[in-house]
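Since the structure comes first, as structure tokens, the remarks are kept for the end.
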Amino acid sequence: MLPSDFHREEFIARLRVEHARILPPSVEFAVDDGWLLLIADRLHDAETILSKHGWIDRAVIKQIKEKFGELRIYIRPRVEDEAYPDELAAEMEGLRRVVSDNSAVTCEICGDDGEIGNFGGYYQALCPRHSYQRRAWIARGRKGDIFHD
Ligand SMILES: [Zn+2]
């Protein structure tokens, strides 16, 4: 659960400062608040891995988004056509898997334990409470706020 005083914009602003080396200002955080702590951890991991291989200034985040109910953080070589060396590529693939696996069991709204559900053809990782709210929203014709207490 996110702390009650959690402030999305402040949190993202801090991530942008801490990870400015790999996170361009143009990259949006196109996901809900429940995944922001996961993103913070994984940006830290990405910098550790890239630094270890001498690639910290040669890689850049392209996108942070949701796909098929999971979190995706796309990190690519800055120079187009350049590829990660094999060992680095393997570690980045491992990181990608951790991002996917963790997000699939983390509610995108609140960060509680959850699972991916199919909500009228839209896939989202939600805790039981937010899953219930999303289904209720669909049942009433998708009117009003989806998530509310
Ligand atoms: Zn939730």
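Scheme for the structure tokens: letters A, B, ... for chains in order shown; per-chain residue numbers from 1; ligand numbers from 1 in order shown.
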
Q: Throw together the list of residues within 6 Å of ligand 1, counting only C-alpha atoms and all ligand atoms, and drop it here as a list of chain:residue names.
A: A:Cys107, A:Ile109, A:Cys110, A:Asp112, A:Leu126, A:Cys127, A:Arg129, A:His130

(Q) From a backbone DSSP assignment, name each residue in segment 4-147 of chain A labelled alpha helix (DSSP H), as a ChimeraX atom specification. (A) /A:8-18,36-52,86-104,128-139

(Q) Give me, as an MDAnalysis selection string, the residues of segment 40-98 of chain A that a backbone DSSP run labels strand (DSSP E). (A) chainID A and resid 59:67 70:77

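With only C-alpha atoms as the atoms that count, the residue of A:Ile116, A:Leu43, A:Ala90, A:Ala125 with the shortest distance to Leu15 of chain A is A:Leu43.
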
Q.
Given only C-alpha atoms as the basis, pick out the residue of A:Ala13, A:Leu38, A:Ala46, A:Ile61 nearest to Glu91 of chain A.
A.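 Checking each of A:Ala13, A:Leu38, A:Ala46, A:Ile61 against Glu91 of chain A, counting only C-alpha atoms, the winner is A:Ala46.
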
Q: Kindly indicate which residue among A:Ile12, A:Ile22, A:Ile138, A:Val98 lies nearest to Ser51 of chain A, using only C-alpha atoms for the distances.
A: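 Comparing A:Ile12, A:Ile22, A:Ile138, A:Val98 against Ser51 of chain A, the winner is A:Ile22.
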
**Q.** segment 23-26 of chain A surroundings by only C-alpha atoms, 10 Å radius, close-in-sequence under 2 positions cut, as a PyMOL selection string
**A.** chain A and resi 13+15-21+28-29+43+59-63+75

Output file for the residues above (N, CA and C atoms, as a tab-separated table (two decimals), in the first residue's frame):
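And here is the file that came out, result.tsv:
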chain	number	residue	atom	x	y	z
A	13	ALA	N	9.18	13.58	-9.95
A	13	ALA	CA	10.19	14.64	-10.09
A	13	ALA	C	11.51	14.19	-9.46
A	15	LEU	N	12.50	11.03	-9.06
A	15	LEU	CA	13.09	9.99	-9.92
A	15	LEU	C	13.81	10.62	-11.11
A	16	ARG	N	13.22	11.69	-11.65
A	16	ARG	CA	13.84	12.33	-12.81
A	16	ARG	C	15.20	12.92	-12.46
A	17	VAL	N	15.34	13.44	-11.23
A	17	VAL	CA	16.63	13.98	-10.80
A	17	VAL	C	17.61	12.84	-10.55
A	18	GLU	N	17.17	11.83	-9.80
A	18	GLU	CA	18.06	10.74	-9.41
A	18	GLU	C	18.56	9.94	-10.62
A	19	HIS	N	17.71	9.82	-11.63
A	19	HIS	CA	18.05	8.96	-12.76
A	19	HIS	C	18.20	9.72	-14.07
A	20	ALA	N	18.60	10.98	-13.93
A	20	ALA	CA	18.70	11.85	-15.11
A	20	ALA	C	19.66	11.29	-16.17
A	21	ARG	N	20.61	10.48	-15.73
A	21	ARG	CA	21.59	9.95	-16.69
A	21	ARG	C	20.95	9.02	-17.73
A	28	GLU	N	7.44	9.75	-20.51
A	28	GLU	CA	6.31	9.84	-19.59
A	28	GLU	C	6.21	8.60	-18.72
A	29	PHE	N	5.63	8.78	-17.54
A	29	PHE	CA	5.30	7.66	-16.67
A	29	PHE	C	3.85	7.29	-16.96
A	43	LEU	N	14.76	1.24	-11.86
A	43	LEU	CA	15.66	2.26	-12.44
A	43	LEU	C	17.00	2.19	-11.72
A	59	ALA	N	23.22	4.18	-22.71
A	59	ALA	CA	21.87	3.61	-22.79
A	59	ALA	C	20.86	4.64	-22.31
A	60	VAL	N	19.64	4.50	-22.77
A	60	VAL	CA	18.62	5.49	-22.45
A	60	VAL	C	17.24	4.83	-22.38
A	61	ILE	N	16.42	5.35	-21.49
A	61	ILE	CA	15.06	4.85	-21.39
A	61	ILE	C	14.22	5.46	-22.51
A	62	LYS	N	13.50	4.60	-23.22
A	62	LYS	CA	12.67	5.05	-24.33
A	62	LYS	C	11.21	5.20	-23.93
A	63	GLN	N	10.73	4.29	-23.09
A	63	GLN	CA	9.32	4.28	-22.73
A	63	GLN	C	9.10	3.62	-21.38
A	75	ILE	N	14.64	0.12	-22.26
A	75	ILE	CA	15.95	0.76	-22.13
A	75	ILE	C	16.82	0.27	-23.30

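Residue neighbourhood of segment 55-58 of chain A, excluding near-sequence residues (fewer than 2 positions): Arg21, Ile22, Ala46, Glu47, Thr48, Ile49, Leu50, Ser51, Lys52, His53, Val60, Arg76, Pro77, Arg78, Val79, Tyr84 and Leu88 of chain A, at 9 Å, using only C-alpha atoms.
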
Q) Mind pulling up the distance from atom CA of Gly120 of chain A to atom CA of Gly141 of chain A? A) 11.3 Å

Q: Write out as a PyMOL selection string each polymer residue whose atoms come within 12 Å of segment 143-145 of chain A, counting only C-alpha atoms; drop sequence neighbours fewer than 5 positions from it.
A: chain A and resi 130+133-138

Mind writing the picked residues with N, CA and C atoms as a PDB file, in the first residue's frame?
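The result, written out as selection-v8.pdb:
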ATOM      1  N   HIS A 130      -9.674  -3.147  -6.085  1.00  0.00           N
ATOM      2  CA  HIS A 130      -9.724  -2.367  -7.325  1.00  0.00           C
ATOM      3  C   HIS A 130     -10.274  -3.186  -8.489  1.00  0.00           C
ATOM      4  N   GLN A 133     -13.945  -2.853  -8.129  1.00  0.00           N
ATOM      5  CA  GLN A 133     -14.387  -1.520  -8.555  1.00  0.00           C
ATOM      6  C   GLN A 133     -14.410  -1.406 -10.087  1.00  0.00           C
ATOM      7  N   ARG A 134     -13.400  -2.007 -10.725  1.00  0.00           N
ATOM      8  CA  ARG A 134     -13.366  -1.937 -12.185  1.00  0.00           C
ATOM      9  C   ARG A 134     -14.543  -2.713 -12.788  1.00  0.00           C
ATOM     10  N   ARG A 135     -14.845  -3.900 -12.194  1.00  0.00           N
ATOM     11  CA  ARG A 135     -15.962  -4.691 -12.719  1.00  0.00           C
ATOM     12  C   ARG A 135     -17.292  -3.971 -12.483  1.00  0.00           C
ATOM     13  N   ALA A 136     -17.422  -3.315 -11.343  1.00  0.00           N
ATOM     14  CA  ALA A 136     -18.653  -2.578 -11.033  1.00  0.00           C
ATOM     15  C   ALA A 136     -18.826  -1.411 -12.020  1.00  0.00           C
ATOM     16  N   TRP A 137     -17.735  -0.770 -12.376  1.00  0.00           N
ATOM     17  CA  TRP A 137     -17.752   0.354 -13.326  1.00  0.00           C
ATOM     18  C   TRP A 137     -18.231  -0.127 -14.696  1.00  0.00           C
ATOM     19  N   ILE A 138     -17.731  -1.297 -15.129  1.00  0.00           N
ATOM     20  CA  ILE A 138     -18.175  -1.866 -16.404  1.00  0.00           C
ATOM     21  C   ILE A 138     -19.659  -2.197 -16.340  1.00  0.00           C
TER      22      ILE A 138
END
